[in-house]
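Right, one structure below, let's go through it.
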Amino acid sequence: MARIRPFKALRPAHGYADKIASLPYDVFSREEAREEVKDNKYSFLNIDRPETQFPVTQDMYAKEVYEKAASMLSEMEAEGLFVQDEHPSYYVYEMSVNGRSQTGIVAASSVDDYEGGVIRKHEKTLEAKRGDRINHVDICSAQTGPIFLAYRDSDAVNEIVSGVKEGEPAEDFVSGGVRQRVWVVSDNCLTDRITKAFEAIPYTYIADGHHRAASAVQVSQMRRKDYPAYSGKEEFNYFLSVLFPAGDLEIMDYNRVIKSLGGFTAEEMIEGLRTKVFIEYQGDKRYKPNKKGTFGLYMDYAWYKLTVRPEYVKDDPVEKLDVAYLQREILGPVFGITDPVTDKRIEFIGGIRGLDELERRCHTDCKAAFAMYPTTIDELFDVADAGMLMPPKSTWFEPKLLSGLFIHKIERSR
């Protein structure tokens with residue numbers, strides 16, 4: 001049973017959403033973030049990446065950096081650039097790009113669901129990344145970046161959402177080529193229907209935002225210990241989320257580029273691959289995988305189609321993934337990359353950048369590139385249901401949820 005509830009979102013004042021809402025903090029390098037905010041005082045990235053307000057030598061994880069984020073958020077609210085809704089509400093949030101759209105419900109999801117396994121995970125979180133967002137949430141007393149949750153389609157939820165979208169949206173703007181529309185659902189009867197509809201959904205799944213979720217949960221645990229007369233109804237017992245039906249979602253490929261062949265020639269690498277995959281030479285004809293079990297390889301100005309060998313395929317929720325096959329049978333034994341998280345010879349390129357980017361990298365600082373077939377949402381669900389973890393960089397979701405469009409304020413420590 002998925003437990004969600006409406007909340008009083010802090011949102012950009014009418015007419016400012018397109019100026020304030022920004023891509024999430026973790027899609028920018030430190031240099032990119034500084035450049036992004038340079039001429040935009042309204043961008044929420046100023047708050048999401050508060051080190052941009054300091055000299056380049058500033059320790060970006062120092063306490064004063066997070067305090068700056070908190071003060072900027074308070075100042076924008078005091079200036080009327082952010083306004084908190086008067087009534088607890090759900091928010092129907094639609095993103096449309098390239099002829100397709102996905103519509104989710106912005107809600108406060110239960111921390112207890114996260115800890116009890118109702119909210120299922122598929123990714124390991126890193127302490128350093130958790131620490132950054134823990135400090136941000138704790139010192140701002142606000143959750144500013146929504147966690148992207150998915151659920152198996154529900155006719156009851158779909159019916160409610162369709163009805164809400166017949167009305168006029170409260171926000172309608174374009175950001176980064178993506179049309180963003182928001183409807184506010186504050187009617188008690190309708191919010192109750194949404195709450196009950198999700199109670200019939202057994203599990204939700206973190207599609208993107210594992211570190212943000214883990215950080216929000218840890219702050220909740222801290223607040224529970226410190227808060228007097230703790231009742232369980234406090235806002236810090238819930239975290240900011242957007243819940244999307246699986247049928248609306250599209251996972252893009254997450255490709256790999258290799259910086260070194262380890263002293264071998266391209267011809268020698270091809271020979272080493274023959275025992276692991278079937279190889280078809282494509283020449284200058286690009287190969288983008290169109291089904292599971294195939295890979296595109298670009299190396300030495302030529303494309304190859306690679307197909308898995310049946311004898312190496314494993315019947316396991318994780319090991320049967322294409323990204324797992326690539327790592328287990330190719331990157332490890334052939335390229336010598338045994339740990340893709342720490343090995344500096346490999347980088348990951350989101351499919352949004354296309355095959356052009358793979359060729360460009362191979363013409364500049366890389367020696368080979370692998371084009372992947374996307375992991376499916378059902379594969380993600382299967383791994384999470386089995387309580388297992390996906391290999392690093394298995395999924396790339398587009399479009400990205402914006403930060404600063406919805407903020408969930410939580411009680412301060414006392």
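For the structure tokens, the naming scheme is as follows: chains receive sequential letters (A, B, ...) according to their order of presentation, residues are indexed from 1 within each chain, and ligands are indexed from 1 in presentation order.
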
Within 6 Å of range 82-90 of chain A using only C-alpha atoms, minus same-chain residues under 6 positions, as a VMD selection string: chain A and resid 6 to 13 106 to 107 185 to 186

Helix (DSSP H, G or I) per DSSP on the backbone: members of range 74-216 of chain A, as a compact mmCIF listing (two decimals) with N, CA and C atoms, in the first residue's frame:
# COMPACT_ATOMS: atom_id res chain seq x y z
N SER A 74 14.81 31.99 1.67
CA SER A 74 13.99 32.85 2.54
C SER A 74 13.80 34.22 1.92
N GLU A 75 14.85 34.75 1.33
CA GLU A 75 14.76 36.08 0.70
C GLU A 75 13.80 36.07 -0.48
N MET A 76 13.85 35.00 -1.31
CA MET A 76 12.95 34.94 -2.46
C MET A 76 11.50 34.80 -2.01
N GLU A 77 11.28 34.07 -0.92
CA GLU A 77 9.92 33.96 -0.40
C GLU A 77 9.46 35.30 0.16
N ALA A 78 10.34 35.99 0.87
CA ALA A 78 9.98 37.30 1.45
C ALA A 78 9.69 38.32 0.35
N VAL A 111 8.09 8.39 4.36
CA VAL A 111 9.41 7.91 4.74
C VAL A 111 9.32 6.46 5.23
N ASP A 112 8.24 6.15 5.95
CA ASP A 112 8.06 4.78 6.44
C ASP A 112 7.92 3.79 5.28
N ASP A 113 7.33 4.22 4.18
CA ASP A 113 7.25 3.36 2.99
C ASP A 113 8.64 3.08 2.44
N TYR A 114 9.49 4.09 2.47
CA TYR A 114 10.87 3.91 2.00
C TYR A 114 11.59 2.90 2.88
N GLU A 115 11.46 3.07 4.19
CA GLU A 115 12.17 2.19 5.11
C GLU A 115 11.55 0.79 5.15
N GLY A 116 10.26 0.68 4.85
CA GLY A 116 9.58 -0.60 4.92
C GLY A 116 9.55 -1.38 3.62
N GLU A 127 28.01 7.75 0.10
CA GLU A 127 27.96 8.58 1.29
C GLU A 127 28.22 10.05 0.99
N ALA A 128 29.19 10.33 0.13
CA ALA A 128 29.53 11.72 -0.17
C ALA A 128 28.36 12.46 -0.81
N LYS A 129 27.68 11.79 -1.73
CA LYS A 129 26.54 12.42 -2.39
C LYS A 129 25.37 12.58 -1.43
N ARG A 130 25.16 11.61 -0.57
CA ARG A 130 24.10 11.73 0.44
C ARG A 130 24.39 12.90 1.37
N GLY A 131 25.63 13.02 1.80
CA GLY A 131 26.00 14.07 2.74
C GLY A 131 25.70 15.46 2.24
N ASP A 132 25.95 15.68 0.96
CA ASP A 132 25.68 17.00 0.36
C ASP A 132 24.20 17.35 0.47
N ARG A 133 23.31 16.43 0.05
CA ARG A 133 21.88 16.73 0.07
C ARG A 133 21.30 16.68 1.49
N ILE A 134 21.88 15.89 2.36
CA ILE A 134 21.44 15.91 3.76
C ILE A 134 21.62 17.30 4.33
N ASN A 135 22.79 17.88 4.11
CA ASN A 135 23.06 19.23 4.62
C ASN A 135 22.15 20.26 3.97
N HIS A 136 21.89 20.08 2.68
CA HIS A 136 21.04 21.04 1.98
C HIS A 136 19.61 21.00 2.53
N VAL A 137 19.05 19.80 2.67
CA VAL A 137 17.69 19.66 3.19
C VAL A 137 17.62 20.11 4.65
N ASP A 138 18.61 19.69 5.43
CA ASP A 138 18.60 19.97 6.87
C ASP A 138 18.69 21.47 7.15
N ILE A 139 19.61 22.15 6.51
CA ILE A 139 19.82 23.57 6.80
C ILE A 139 18.74 24.44 6.15
N CYS A 140 18.26 24.05 4.98
CA CYS A 140 17.17 24.80 4.35
C CYS A 140 15.82 24.46 4.97
N ASP A 155 -5.83 2.16 -13.39
CA ASP A 155 -6.98 2.77 -14.07
C ASP A 155 -7.62 3.86 -13.20
N ALA A 156 -7.64 3.63 -11.89
CA ALA A 156 -8.26 4.61 -10.98
C ALA A 156 -7.50 5.93 -11.01
N VAL A 157 -6.16 5.85 -10.96
CA VAL A 157 -5.36 7.08 -10.99
C VAL A 157 -5.46 7.74 -12.36
N ASN A 158 -5.39 6.94 -13.42
CA ASN A 158 -5.48 7.50 -14.78
C ASN A 158 -6.78 8.26 -14.98
N GLU A 159 -7.87 7.74 -14.44
CA GLU A 159 -9.18 8.40 -14.59
C GLU A 159 -9.18 9.75 -13.89
N ILE A 160 -8.62 9.80 -12.69
CA ILE A 160 -8.58 11.06 -11.95
C ILE A 160 -7.72 12.08 -12.68
N VAL A 161 -6.55 11.65 -13.12
CA VAL A 161 -5.63 12.57 -13.80
C VAL A 161 -6.25 13.11 -15.09
N SER A 162 -6.88 12.25 -15.84
CA SER A 162 -7.53 12.69 -17.09
C SER A 162 -8.59 13.76 -16.81
N GLY A 163 -9.35 13.56 -15.74
CA GLY A 163 -10.36 14.54 -15.39
C GLY A 163 -9.76 15.88 -15.00
N VAL A 164 -8.69 15.84 -14.21
CA VAL A 164 -8.03 17.08 -13.77
C VAL A 164 -7.50 17.85 -14.98
N ASN A 188 -10.95 18.67 -1.37
CA ASN A 188 -10.76 17.57 -0.42
C ASN A 188 -11.28 16.24 -0.95
N CYS A 189 -12.41 16.26 -1.62
CA CYS A 189 -12.96 15.01 -2.15
C CYS A 189 -12.01 14.39 -3.18
N LEU A 190 -11.43 15.24 -4.01
CA LEU A 190 -10.53 14.75 -5.06
C LEU A 190 -9.19 14.29 -4.47
N THR A 191 -8.67 15.04 -3.49
CA THR A 191 -7.41 14.61 -2.87
C THR A 191 -7.61 13.29 -2.14
N ASP A 192 -8.77 13.11 -1.53
CA ASP A 192 -9.05 11.84 -0.86
C ASP A 192 -9.10 10.69 -1.87
N ARG A 193 -9.67 10.95 -3.03
CA ARG A 193 -9.73 9.91 -4.07
C ARG A 193 -8.33 9.51 -4.53
N ILE A 194 -7.46 10.50 -4.67
CA ILE A 194 -6.08 10.21 -5.09
C ILE A 194 -5.36 9.39 -4.02
N THR A 195 -5.51 9.81 -2.76
CA THR A 195 -4.88 9.09 -1.66
C THR A 195 -5.33 7.63 -1.64
N LYS A 196 -6.62 7.42 -1.76
CA LYS A 196 -7.18 6.05 -1.72
C LYS A 196 -6.76 5.24 -2.94
N ALA A 197 -6.68 5.89 -4.10
CA ALA A 197 -6.26 5.17 -5.31
C ALA A 197 -4.84 4.63 -5.15
N PHE A 198 -3.97 5.39 -4.51
CA PHE A 198 -2.60 4.92 -4.31
C PHE A 198 -2.51 3.87 -3.21
N GLU A 199 -3.47 3.87 -2.30
CA GLU A 199 -3.48 2.82 -1.29
C GLU A 199 -3.70 1.44 -1.91
N HIS A 210 17.80 8.45 -6.20
CA HIS A 210 18.10 7.62 -5.02
C HIS A 210 18.82 8.41 -3.92
N HIS A 211 19.76 9.28 -4.31
CA HIS A 211 20.49 10.04 -3.30
C HIS A 211 19.61 11.08 -2.62
N ARG A 212 18.74 11.73 -3.40
CA ARG A 212 17.82 12.70 -2.81
C ARG A 212 16.86 12.02 -1.84
N ALA A 213 16.39 10.83 -2.22
CA ALA A 213 15.47 10.10 -1.35
C ALA A 213 16.16 9.69 -0.06
N ALA A 214 17.34 9.09 -0.17
CA ALA A 214 18.08 8.64 1.01
C ALA A 214 18.40 9.81 1.93
N SER A 215 18.71 10.96 1.36
CA SER A 215 19.03 12.15 2.16
C SER A 215 17.80 12.66 2.89
N ALA A 216 16.67 12.72 2.20
CA ALA A 216 15.43 13.17 2.85
C ALA A 216 15.05 12.24 3.99

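Ranking A:Ser22, A:Gln282, A:Thr265, A:Ser110 by their shortest atom-to-atom distance to Leu45 in chain A, with only C-alpha atoms included, puts A:Ser22 first.
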
So which residues touch Tyr25 in chain A within 8 Å, counting only C-alpha atoms, skipping near sequence neighbours fewer than 3 positions away, as an NGL selection string? :A and (28 or 33 or 45 or 48-49 or 403)

Could you save those same residues with N, CA and C atoms as a PDB file, in the first residue's frame?
ATOM      1  N   PHE A  28      24.801  19.194 -13.649  1.00  0.00           N
ATOM      2  CA  PHE A  28      25.796  20.210 -13.935  1.00  0.00           C
ATOM      3  C   PHE A  28      27.111  19.905 -13.224  1.00  0.00           C
ATOM      4  N   ALA A  33      27.561  24.819 -13.614  1.00  0.00           N
ATOM      5  CA  ALA A  33      26.594  25.462 -12.721  1.00  0.00           C
ATOM      6  C   ALA A  33      26.906  26.951 -12.574  1.00  0.00           C
ATOM      7  N   LEU A  45      18.891  27.153  -9.575  1.00  0.00           N
ATOM      8  CA  LEU A  45      20.215  26.551  -9.461  1.00  0.00           C
ATOM      9  C   LEU A  45      21.106  27.367  -8.512  1.00  0.00           C
ATOM     10  N   ASP A  48      20.109  25.582  -5.420  1.00  0.00           N
ATOM     11  CA  ASP A  48      20.441  24.160  -5.492  1.00  0.00           C
ATOM     12  C   ASP A  48      21.954  23.926  -5.472  1.00  0.00           C
ATOM     13  N   ARG A  49      22.693  24.857  -6.054  1.00  0.00           N
ATOM     14  CA  ARG A  49      24.154  24.778  -6.069  1.00  0.00           C
ATOM     15  C   ARG A  49      24.706  26.088  -5.485  1.00  0.00           C
ATOM     16  N   SER A 403      13.810  21.378 -10.770  1.00  0.00           N
ATOM     17  CA  SER A 403      13.906  21.749  -9.358  1.00  0.00           C
ATOM     18  C   SER A 403      13.395  23.173  -9.175  1.00  0.00           C
TER      19      SER A 403
END

Got a sec: who's within 10 Å of Ala62 in chain A, counting only C-alpha atoms, leaving out chain neighbours fewer than 3 positions off, as a PyMOL selection string? chain A and resi 51+58-59+65-67+132+135

Go ahead and write the selection's residues with C-alpha atoms as a CSV table (one decimal), in the first residue's frame.
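Result went into part-v9.csv, see below:
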chain,number,residue,atom,x,y,z
A,51,GLU,CA,28.7,27.3,-4.0
A,58,GLN,CA,35.3,28.0,-1.7
A,59,ASP,CA,34.8,24.6,-0.2
A,65,VAL,CA,27.5,27.4,1.6
A,66,TYR,CA,24.3,25.6,2.7
A,67,GLU,CA,23.4,28.5,5.0
A,132,ASP,CA,25.7,17.0,0.4
A,135,ASN,CA,23.1,19.2,4.6

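Note that the spacing between CA of Gly332 in chain A and CA of Asp356 in chain A amounts to 25.7 Å.
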
If DSSP is run on the backbone, what residues of range 248-375 of chain A are strand (DSSP E or B)? A reply as a PDB file with N, CA and C atoms, in the first residue's frame would be ideal.
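What follows is the written file part-v9.pdb:
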ATOM      1  N   ILE A 251      12.623   5.040 -21.075  1.00  0.00           N
ATOM      2  CA  ILE A 251      14.019   5.010 -20.639  1.00  0.00           C
ATOM      3  C   ILE A 251      14.895   5.067 -21.878  1.00  0.00           C
ATOM      4  N   MET A 252      15.859   5.952 -21.866  1.00  0.00           N
ATOM      5  CA  MET A 252      16.779   6.065 -22.990  1.00  0.00           C
ATOM      6  C   MET A 252      18.026   5.222 -22.737  1.00  0.00           C
ATOM      7  N   TYR A 254      21.907   4.329 -22.194  1.00  0.00           N
ATOM      8  CA  TYR A 254      22.997   4.947 -21.423  1.00  0.00           C
ATOM      9  C   TYR A 254      24.286   4.324 -21.957  1.00  0.00           C
ATOM     10  N   ASN A 255      24.987   5.066 -22.774  1.00  0.00           N
ATOM     11  CA  ASN A 255      26.094   4.536 -23.553  1.00  0.00           C
ATOM     12  C   ASN A 255      27.442   4.678 -22.843  1.00  0.00           C
ATOM     13  N   ARG A 256      28.436   3.970 -23.372  1.00  0.00           N
ATOM     14  CA  ARG A 256      29.771   3.943 -22.757  1.00  0.00           C
ATOM     15  C   ARG A 256      30.831   4.356 -23.776  1.00  0.00           C
ATOM     16  N   VAL A 257      31.825   5.129 -23.306  1.00  0.00           N
ATOM     17  CA  VAL A 257      33.000   5.421 -24.124  1.00  0.00           C
ATOM     18  C   VAL A 257      34.239   4.962 -23.364  1.00  0.00           C
ATOM     19  N   ILE A 258      35.209   4.438 -24.112  1.00  0.00           N
ATOM     20  CA  ILE A 258      36.420   3.864 -23.538  1.00  0.00           C
ATOM     21  C   ILE A 258      37.619   4.695 -23.976  1.00  0.00           C
ATOM     22  N   VAL A 277      30.799 -12.348 -28.431  1.00  0.00           N
ATOM     23  CA  VAL A 277      29.646 -11.846 -29.179  1.00  0.00           C
ATOM     24  C   VAL A 277      29.793 -12.220 -30.650  1.00  0.00           C
ATOM     25  N   PHE A 278      28.670 -12.245 -31.358  1.00  0.00           N
ATOM     26  CA  PHE A 278      28.693 -12.334 -32.816  1.00  0.00           C
ATOM     27  C   PHE A 278      28.938 -10.927 -33.357  1.00  0.00           C
ATOM     28  N   ILE A 279      29.780 -10.799 -34.354  1.00  0.00           N
ATOM     29  CA  ILE A 279      30.190  -9.488 -34.850  1.00  0.00           C
ATOM     30  C   ILE A 279      29.818  -9.340 -36.319  1.00  0.00           C
ATOM     31  N   GLU A 280      29.176  -8.216 -36.647  1.00  0.00           N
ATOM     32  CA  GLU A 280      28.863  -7.881 -38.032  1.00  0.00           C
ATOM     33  C   GLU A 280      29.437  -6.505 -38.338  1.00  0.00           C
ATOM     34  N   TYR A 281      30.313  -6.439 -39.295  1.00  0.00           N
ATOM     35  CA  TYR A 281      30.959  -5.184 -39.688  1.00  0.00           C
ATOM     36  C   TYR A 281      29.953  -4.274 -40.391  1.00  0.00           C
ATOM     37  N   GLN A 282      29.886  -3.033 -39.957  1.00  0.00           N
ATOM     38  CA  GLN A 282      28.946  -2.068 -40.541  1.00  0.00           C
ATOM     39  C   GLN A 282      29.647  -0.942 -41.311  1.00  0.00           C
ATOM     40  N   GLY A 283      30.946  -0.816 -41.131  1.00  0.00           N
ATOM     41  CA  GLY A 283      31.690   0.253 -41.787  1.00  0.00           C
ATOM     42  C   GLY A 283      31.275   1.624 -41.290  1.00  0.00           C
ATOM     43  N   THR A 294      21.702  -6.697 -28.263  1.00  0.00           N
ATOM     44  CA  THR A 294      22.597  -6.178 -29.303  1.00  0.00           C
ATOM     45  C   THR A 294      23.263  -4.899 -28.806  1.00  0.00           C
ATOM     46  N   PHE A 295      24.469  -4.663 -29.337  1.00  0.00           N
ATOM     47  CA  PHE A 295      25.233  -3.462 -29.000  1.00  0.00           C
ATOM     48  C   PHE A 295      25.806  -2.873 -30.285  1.00  0.00           C
ATOM     49  N   GLY A 296      25.991  -1.575 -30.290  1.00  0.00           N
ATOM     50  CA  GLY A 296      26.754  -0.940 -31.353  1.00  0.00           C
ATOM     51  C   GLY A 296      28.151  -0.648 -30.828  1.00  0.00           C
ATOM     52  N   LEU A 297      29.163  -0.966 -31.610  1.00  0.00           N
ATOM     53  CA  LEU A 297      30.549  -0.651 -31.241  1.00  0.00           C
ATOM     54  C   LEU A 297      31.134   0.253 -32.310  1.00  0.00           C
ATOM     55  N   TYR A 298      31.683   1.382 -31.884  1.00  0.00           N
ATOM     56  CA  TYR A 298      32.387   2.279 -32.803  1.00  0.00           C
ATOM     57  C   TYR A 298      33.843   2.313 -32.385  1.00  0.00           C
ATOM     58  N   MET A 299      34.717   1.952 -33.306  1.00  0.00           N
ATOM     59  CA  MET A 299      36.148   1.893 -32.981  1.00  0.00           C
ATOM     60  C   MET A 299      36.951   2.020 -34.272  1.00  0.00           C
ATOM     61  N   ALA A 302      35.037   2.857 -37.538  1.00  0.00           N
ATOM     62  CA  ALA A 302      34.127   1.873 -38.114  1.00  0.00           C
ATOM     63  C   ALA A 302      33.111   1.430 -37.068  1.00  0.00           C
ATOM     64  N   TRP A 303      31.895   1.100 -37.548  1.00  0.00           N
ATOM     65  CA  TRP A 303      30.835   0.605 -36.689  1.00  0.00           C
ATOM     66  C   TRP A 303      30.711  -0.910 -36.827  1.00  0.00           C
ATOM     67  N   TYR A 304      30.343  -1.552 -35.710  1.00  0.00           N
ATOM     68  CA  TYR A 304      30.110  -2.985 -35.681  1.00  0.00           C
ATOM     69  C   TYR A 304      28.807  -3.252 -34.930  1.00  0.00           C
ATOM     70  N   LYS A 305      28.079  -4.265 -35.388  1.00  0.00           N
ATOM     71  CA  LYS A 305      26.922  -4.755 -34.646  1.00  0.00           C
ATOM     72  C   LYS A 305      27.361  -5.970 -33.846  1.00  0.00           C
ATOM     73  N   LEU A 306      27.158  -5.928 -32.550  1.00  0.00           N
ATOM     74  CA  LEU A 306      27.505  -7.029 -31.670  1.00  0.00           C
ATOM     75  C   LEU A 306      26.222  -7.671 -31.151  1.00  0.00           C
ATOM     76  N   THR A 307      26.177  -8.983 -31.147  1.00  0.00           N
ATOM     77  CA  THR A 307      25.008  -9.716 -30.645  1.00  0.00           C
ATOM     78  C   THR A 307      25.466 -10.723 -29.608  1.00  0.00           C
ATOM     79  N   VAL A 308      24.752 -10.790 -28.499  1.00  0.00           N
ATOM     80  CA  VAL A 308      25.163 -11.677 -27.403  1.00  0.00           C
ATOM     81  C   VAL A 308      25.137 -13.129 -27.856  1.00  0.00           C
ATOM     82  N   ILE A 346      36.736   4.642 -18.463  1.00  0.00           N
ATOM     83  CA  ILE A 346      35.372   4.556 -18.971  1.00  0.00           C
ATOM     84  C   ILE A 346      34.549   5.758 -18.528  1.00  0.00           C
ATOM     85  N   GLU A 347      33.704   6.252 -19.434  1.00  0.00           N
ATOM     86  CA  GLU A 347      32.749   7.301 -19.109  1.00  0.00           C
ATOM     87  C   GLU A 347      31.389   6.901 -19.668  1.00  0.00           C
ATOM     88  N   PHE A 348      30.349   7.549 -19.164  1.00  0.00           N
ATOM     89  CA  PHE A 348      28.980   7.201 -19.516  1.00  0.00           C
ATOM     90  C   PHE A 348      28.310   8.396 -20.180  1.00  0.00           C
ATOM     91  N   ILE A 349      27.637   8.137 -21.287  1.00  0.00           N
ATOM     92  CA  ILE A 349      27.035   9.199 -22.091  1.00  0.00           C
ATOM     93  C   ILE A 349      25.537   8.934 -22.231  1.00  0.00           C
ATOM     94  N   GLY A 350      24.722   9.850 -21.742  1.00  0.00           N
ATOM     95  CA  GLY A 350      23.275   9.698 -21.856  1.00  0.00           C
ATOM     96  C   GLY A 350      22.823   9.668 -23.301  1.00  0.00           C
ATOM     97  N   ALA A 368      37.067   3.892 -28.159  1.00  0.00           N
ATOM     98  CA  ALA A 368      35.941   3.026 -28.519  1.00  0.00           C
ATOM     99  C   ALA A 368      34.686   3.525 -27.831  1.00  0.00           C
ATOM    100  N   ALA A 369      33.537   3.175 -28.419  1.00  0.00           N
ATOM    101  CA  ALA A 369      32.247   3.547 -27.822  1.00  0.00           C
ATOM    102  C   ALA A 369      31.263   2.406 -28.008  1.00  0.00           C
ATOM    103  N   PHE A 370      30.440   2.189 -26.990  1.00  0.00           N
ATOM    104  CA  PHE A 370      29.384   1.184 -27.052  1.00  0.00           C
ATOM    105  C   PHE A 370      28.032   1.877 -26.997  1.00  0.00           C
ATOM    106  N   ALA A 371      27.211   1.651 -28.029  1.00  0.00           N
ATOM    107  CA  ALA A 371      25.835   2.140 -28.045  1.00  0.00           C
ATOM    108  C   ALA A 371      24.939   1.024 -27.504  1.00  0.00           C
TER     109      ALA A 371
END

Extract, using only C-alpha atoms, all DNA, RNA and protein residues at most 9 Å from Ser394 in chain A, discarding same-chain residues fewer than 6 positions from it, and format them as a PDB file with C-alpha atoms, in the first residue's frame.
ATOM      1  CA  ASP A 253      20.020   4.262 -23.697  1.00  0.00           C
ATOM      2  CA  TYR A 254      22.997   4.947 -21.423  1.00  0.00           C
ATOM      3  CA  ASN A 255      26.094   4.536 -23.553  1.00  0.00           C
ATOM      4  CA  LEU A 321      20.463  -6.980 -18.380  1.00  0.00           C
ATOM      5  CA  ASP A 322      22.406  -5.821 -21.446  1.00  0.00           C
ATOM      6  CA  VAL A 323      24.494  -3.486 -19.289  1.00  0.00           C
ATOM      7  CA  ALA A 324      25.422  -6.442 -17.081  1.00  0.00           C
ATOM      8  CA  PRO A 374      17.756   0.873 -23.326  1.00  0.00           C
ATOM      9  CA  THR A 375      16.929  -0.953 -20.118  1.00  0.00           C
TER      10      THR A 375
END

Grab the CA of Ile47 in chain A to CA of Met72 in chain A distance for me, in Å with one decimal place. 6.6 Å

Contacts of Ile410 in chain A within 6 Å, only C-alpha atoms, excl. fewer than 3 positions in-chain, as a count of residues only: 4

For Met269 in chain A, list every protein, DNA or RNA residue within 9 Å, evaluated using only C-alpha atoms, and leave out those in the same chain fewer than 5 positions away; present the list as a PyMOL selection string. chain A and resi 261+264+274+334-335
